Amino acid sequence: MFHWSHPEWSNLKRNLGSDAVRDLIGEHERGEEEDADEGVFIDLEKVFKEHFTALHGTSIKNVAPLFEFHWRVEDAGGAISQTYLSAMQTSVDPSEVIAKAWLLSYNEDDTIAMARIRDGMRGWPT
């Protein structure tokens, strides 16, 4: 399972407990990155950093355009996604439909971006 940086496995561990997710995330007992390759999760940011240097940082929003990928939604990012998630969870008006559509598109694009980066790294000469 591909992800970008640690939040996916660290949130699984925090929410479900270490024992429940050990086969997925490995030990991760110390929360150190060197533990991150023990389970079925593959941190693409870590792989990227091992093979490439990025002038403007290694956030997925900075790296994906290097592989010709751009998000469909404007202002794609974690902070605004939290705003839309909150609106979707608490709103009773039609704006929740807009928030849900935005979140689905944003998360789908995150997944597509990781696939584009993964496939792009495989194709770049070493």
# chains A, B, ... in the order shown; residues from 1 in each chain; ligands from 1
>>> residues_around(residues="Lys49 of chain A", least_positions_apart="4", cutoff="8 Å", atoms="only C-alpha atoms", output="ChimeraX atom specification")
/A:45,53,58
>>> residues_around(residues="segment 73-77 of chain A", least_positions_apart="3", cutoff="9 Å", atoms="only C-alpha atoms", output="PyMOL selection string")
chain A and resi 61+70+80-82+102+105-106+109
>>> closest_residue(among="A:Leu104, A:Ile117, A:Ala99, A:Leu44", to="His6 of chain A", atoms="only C-alpha atoms")
A:Leu44
>>> atom_distance(atom1="atom CA of Ile60 of chain A", atom2="atom CA of Met114 of chain A")
7.8 Å
>>> select_by_dssp(residues="chain A", states="alpha helix (DSSP H)", output="NGL selection string")
:A and (7-16 or 18-25 or 44-51 or 60-63 or 78-90 or 95-123)
>>> residues_around(residues="Trp9 of chain A", least_positions_apart="4", cutoff="8 Å", atoms="only C-alpha atoms", output="PDB file with C-alpha atoms, in the first residue's frame")
ATOM      1  CA  LYS A  13      -1.671   2.789  14.889  1.00  0.00           C
ATOM      2  CA  ILE A  25       2.546  -1.266   9.336  1.00  0.00           C
ATOM      3  CA  PHE A  41       2.960   0.200   3.583  1.00  0.00           C
TER       4      PHE A  41
END
